[in-house]
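Read the structure below first, then the notes.
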Amino acid sequence: MDPTPESIGDLTVGGAPLPCQRLGEHRPTQTPPPTPSLVKTPHHDDYQKTADWILSQTQHRPKVAIICGSGLGMLADALKLQDSFHYSDIPGFPQSTELKGKTCVCMQGRFHMYEGHSLCKVTFPVRVFKLLGVETLIVTNAAGALADGFGPRFPPMSGVYDKDLRRLAKDICKSLGYSQFVQEGVYCMVGGPNFESIAEARFLHKLGADAVGMSTAPEVLVASHCGMKVFGLSLITNKVVKDYDDTEKVNHEGVLGVSKMRSETLQTLVTELVSRLDINNNTA
Ligand SMILES: O=P(O)(O)O[C@H]1O[C@H](CO)[C@@H](O)[C@H]1O
Ligand code: HPA
């Protein structure tokens, strides 16, 4: 099943956000080392080989990594002086069915478990990011709303999502006039690729989830384990049906449509967030 027809599959490393300029695709000049077996659990050497290869192909030394959710890959277009690599050219990256003054590395599309990738493969890029020198990970995703408007609920999130980044994002939302539609809540990852049944949706909502999607949790966990600061942003693309009389049906095309419609807003927010991160660039 391929629920991600927008198929991008690029890793982009670049600096400064605006003005947005894509300088074309970087093609590797050296033959990449052999891809480590994706059946076995990757070891430090496997991550290192991939990181070394990327570092050998670009002068950029990113401190920030961004993983773009479904339909949100245009965030990468905001990077200028880009070096872009097809996932298939990067040793050790699984083949995916899809993919501001600060140097960033940006994944246009992620690997999902429902595509048949193991947790090791889904999280492989995050450890590579760590070895590239990344300190902050920004994850975005498309998600369905379980709560009817997030309302005033702010459940504890046990510190995985960085408090300072959340505060900074809230300040930025205020200054951009986004506060009325950007809220904090609990994202729950399910396996997918099926969307939730009504019973499942009610169950998740009762458990305290505000939004549901099929990604992100593994990458966040690994990034946190690596000592990165993490900021997560879910674009609410649809209402999850929780009423047996509701005949509305969610579909991936609809999710992508809303993602595309809102991508500029999301890009503005992430770009502003990156520009205000307290980090210094350095290049090779
Ligand atoms: O989480 P991202 O990759 O944004 O994609 C979301 O959108 C797809 C469903 O439409 C699922 O893959 C879900 O996880
Ligand atoms: O409603 C949803 N459920 C699960 N994943 C999703 N990704 C976007 N919307 C949804």
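Starting from 1 in every chain, residues are counted up; chains themselves are A, B, ... following the order of the structure tokens, and ligands are numbered from 1 as listed.
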What's the 7 Å shell around range 218-228 of chain A, counting only C-alpha atoms, without same-chain residues fewer than 6 positions away, as a PyMOL selection string? chain A and resi 119+123+126+130+135-137+160
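A distance search around ligand 2 (6 Å at most, only C-alpha atoms and all ligand atoms) returns the following protein and nucleic acid residues: Ala142, Ala143, Gly144, Phe195, Glu196, Val212, Gly213, Met214, Thr237, Asn238, Val240 and Val255 of chain A.
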Counting only C-alpha atoms and all ligand atoms, name the residues that have an atom within 8 Å of an atom of ligand 1; the answer should be given as a ChimeraX atom specification. /A:3-4,68-72,109-112,140-143,189,192-193,195,213-216,234,251-256
Which residue gives the smallest distance to His43 in chain A among A:Ser56, A:Phe124, A:Ser118, A:Asn194, with only C-alpha atoms counted? A:Phe124
Selection near Glu200 in chain A, 12 Å with only C-alpha atoms, sequence-local residues under 4 positions removed, as a list in words: Leu146, Cys188, Val190, Asn194, Phe195, Glu196, Leu204, His205, Lys206, Leu207, Ala209, Val212, Val240, Val241, Lys242, Asp243 and Tyr244 of chain A
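Residues in contact range of Glu264 in chain A, defined as at most 10 Å between only C-alpha atoms, with sequence neighbours fewer than 4 positions away removed, read Leu72, Met74, Leu75, Ser259, Lys260, Thr268, Leu269 and Val270 of chain A.
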Between CA of Thr271 in chain A and CA of Leu55 in chain A, what is the spacing in Å? 23.5 Å
Enumerate, as a PyMOL selection string, the complete set of residues in range 47-275 of chain A that a backbone-based DSSP assignment places in strand (DSSP E). chain A and resi 60-61+64-68+80-86+104-108+136-145+187-189+211-213+229-239
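Remark: for Thr58 in chain A, the closest of the candidate residues A:Ser263, A:Thr41, A:Thr103, A:Ser88 is A:Thr103 (distances computed over only C-alpha atoms).
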Shell of 9 Å around Ile54 in chain A, only C-alpha atoms, local chain residues under 3 positions omitted, as JSON, numbers by chain: {"A": [49, 50, 51, 57, 58, 85, 90, 91, 132]}
Would you mind exporting the chosen residues as a tab-separated table (two decimals), in the first residue's frame, restricted to C-alpha atoms?
```tsv
chain	number	residue	atom	x	y	z
A	49	LYS	CA	29.38	5.56	7.59
A	50	THR	CA	26.21	7.33	6.50
A	51	ALA	CA	27.06	10.48	8.45
A	57	GLN	CA	29.29	15.63	0.13
A	58	THR	CA	28.48	18.98	1.67
A	85	PHE	CA	20.48	14.03	-1.91
A	90	ILE	CA	22.53	7.97	0.79
A	91	PRO	CA	24.17	4.84	2.10
A	132	LEU	CA	26.29	15.16	11.79
```
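With only C-alpha atoms as the atoms that count, the minimum distance from Cys106 in chain A to the choices A:Leu277, A:Leu11, A:Arg166, A:Tyr178 is reached by A:Leu11.
Taking CA of Asp278 in chain A and CA of Ile67 in chain A as the two end points, the separation is 19.5 Å.
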Considering only C-alpha atoms, can you say which of A:Leu273, A:Phe93, A:Val230, A:Ala169 comes closest to Lys121 in chain A? A:Phe93
Residue list (alpha helix (DSSP H), DSSP) for range 119-268 of chain A, as an MDAnalysis selection string: chainID A and resid 119:132 163:176 198:207 217:225 252:268
Using only C-alpha atoms, please write the residues we just selected to a file, as a PDB file, in the first residue's frame.
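Contents of again_3.pdb, freshly written:
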```
ATOM      1  CA  LEU A 119      11.823   0.816  14.133  1.00  0.00           C
ATOM      2  CA  CYS A 120      15.593   0.735  13.567  1.00  0.00           C
ATOM      3  CA  LYS A 121      15.093   1.924  10.006  1.00  0.00           C
ATOM      4  CA  VAL A 122      12.509   4.543  10.909  1.00  0.00           C
ATOM      5  CA  THR A 123      14.888   6.056  13.467  1.00  0.00           C
ATOM      6  CA  PHE A 124      18.128   5.516  11.494  1.00  0.00           C
ATOM      7  CA  PRO A 125      18.241   9.115  10.186  1.00  0.00           C
ATOM      8  CA  VAL A 126      17.944  10.562  13.699  1.00  0.00           C
ATOM      9  CA  ARG A 127      21.158   8.895  14.883  1.00  0.00           C
ATOM     10  CA  VAL A 128      22.825   9.969  11.648  1.00  0.00           C
ATOM     11  CA  PHE A 129      21.702  13.527  12.428  1.00  0.00           C
ATOM     12  CA  LYS A 130      23.323  13.215  15.843  1.00  0.00           C
ATOM     13  CA  LEU A 131      26.599  12.226  14.194  1.00  0.00           C
ATOM     14  CA  LEU A 132      26.293  15.162  11.786  1.00  0.00           C
ATOM     15  CA  LYS A 163       9.979  23.357  27.265  1.00  0.00           C
ATOM     16  CA  ASP A 164      11.981  26.339  25.991  1.00  0.00           C
ATOM     17  CA  LEU A 165      11.221  25.519  22.373  1.00  0.00           C
ATOM     18  CA  ARG A 166       7.541  25.183  23.183  1.00  0.00           C
ATOM     19  CA  ARG A 167       7.610  28.579  24.912  1.00  0.00           C
ATOM     20  CA  LEU A 168       9.479  30.130  21.998  1.00  0.00           C
ATOM     21  CA  ALA A 169       6.949  28.654  19.557  1.00  0.00           C
ATOM     22  CA  LYS A 170       4.093  30.083  21.597  1.00  0.00           C
ATOM     23  CA  ASP A 171       5.717  33.539  21.575  1.00  0.00           C
ATOM     24  CA  ILE A 172       6.213  33.308  17.829  1.00  0.00           C
ATOM     25  CA  CYS A 173       2.598  32.221  17.337  1.00  0.00           C
ATOM     26  CA  LYS A 174       1.516  35.239  19.334  1.00  0.00           C
ATOM     27  CA  SER A 175       3.574  37.635  17.243  1.00  0.00           C
ATOM     28  CA  LEU A 176       2.418  36.023  13.984  1.00  0.00           C
ATOM     29  CA  ILE A 198     -14.840   4.855  15.558  1.00  0.00           C
ATOM     30  CA  ALA A 199     -14.261   2.594  18.559  1.00  0.00           C
ATOM     31  CA  GLU A 200     -10.501   3.150  18.355  1.00  0.00           C
ATOM     32  CA  ALA A 201     -10.954   6.904  18.019  1.00  0.00           C
ATOM     33  CA  ARG A 202     -13.164   7.020  21.117  1.00  0.00           C
ATOM     34  CA  PHE A 203     -10.680   4.841  22.994  1.00  0.00           C
ATOM     35  CA  LEU A 204      -7.711   7.075  22.132  1.00  0.00           C
ATOM     36  CA  HIS A 205      -9.617  10.209  23.046  1.00  0.00           C
ATOM     37  CA  LYS A 206     -10.631   8.719  26.385  1.00  0.00           C
ATOM     38  CA  LEU A 207      -6.982   7.873  27.031  1.00  0.00           C
ATOM     39  CA  ALA A 217       7.012   8.923  18.188  1.00  0.00           C
ATOM     40  CA  PRO A 218       9.991   6.666  17.292  1.00  0.00           C
ATOM     41  CA  GLU A 219      12.069   9.552  15.939  1.00  0.00           C
ATOM     42  CA  VAL A 220      11.284  11.709  18.968  1.00  0.00           C
ATOM     43  CA  LEU A 221      12.215   8.929  21.346  1.00  0.00           C
ATOM     44  CA  VAL A 222      15.543   8.314  19.618  1.00  0.00           C
ATOM     45  CA  ALA A 223      16.331  12.032  19.356  1.00  0.00           C
ATOM     46  CA  SER A 224      15.667  12.433  23.054  1.00  0.00           C
ATOM     47  CA  HIS A 225      17.804   9.390  23.783  1.00  0.00           C
ATOM     48  CA  HIS A 252      -4.917  10.429   2.524  1.00  0.00           C
ATOM     49  CA  GLU A 253      -5.615  12.689  -0.463  1.00  0.00           C
ATOM     50  CA  GLY A 254      -7.668  14.926   1.824  1.00  0.00           C
ATOM     51  CA  VAL A 255      -4.835  14.954   4.367  1.00  0.00           C
ATOM     52  CA  LEU A 256      -2.335  15.974   1.684  1.00  0.00           C
ATOM     53  CA  GLY A 257      -4.710  18.624   0.371  1.00  0.00           C
ATOM     54  CA  VAL A 258      -5.002  20.320   3.760  1.00  0.00           C
ATOM     55  CA  SER A 259      -1.233  19.961   4.354  1.00  0.00           C
ATOM     56  CA  LYS A 260      -0.529  21.742   1.094  1.00  0.00           C
ATOM     57  CA  MET A 261      -3.105  24.416   1.835  1.00  0.00           C
ATOM     58  CA  ARG A 262      -1.482  25.138   5.217  1.00  0.00           C
ATOM     59  CA  SER A 263       2.138  24.527   4.296  1.00  0.00           C
ATOM     60  CA  GLU A 264       2.961  28.209   3.967  1.00  0.00           C
ATOM     61  CA  THR A 265       1.680  28.924   7.489  1.00  0.00           C
ATOM     62  CA  LEU A 266       3.668  26.009   8.828  1.00  0.00           C
ATOM     63  CA  GLN A 267       6.737  27.091   6.901  1.00  0.00           C
ATOM     64  CA  THR A 268       6.498  30.605   8.355  1.00  0.00           C
TER      65      THR A 268
END
```
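Residue nearest Gly185 in chain A, chosen from A:Met113, A:Ala76, A:Ile236, A:Ile138 and counting only C-alpha atoms: A:Ile236.
From CA of Pro62 in chain A back to CA of Tyr114 in chain A, the distance works out to 29.2 Å.
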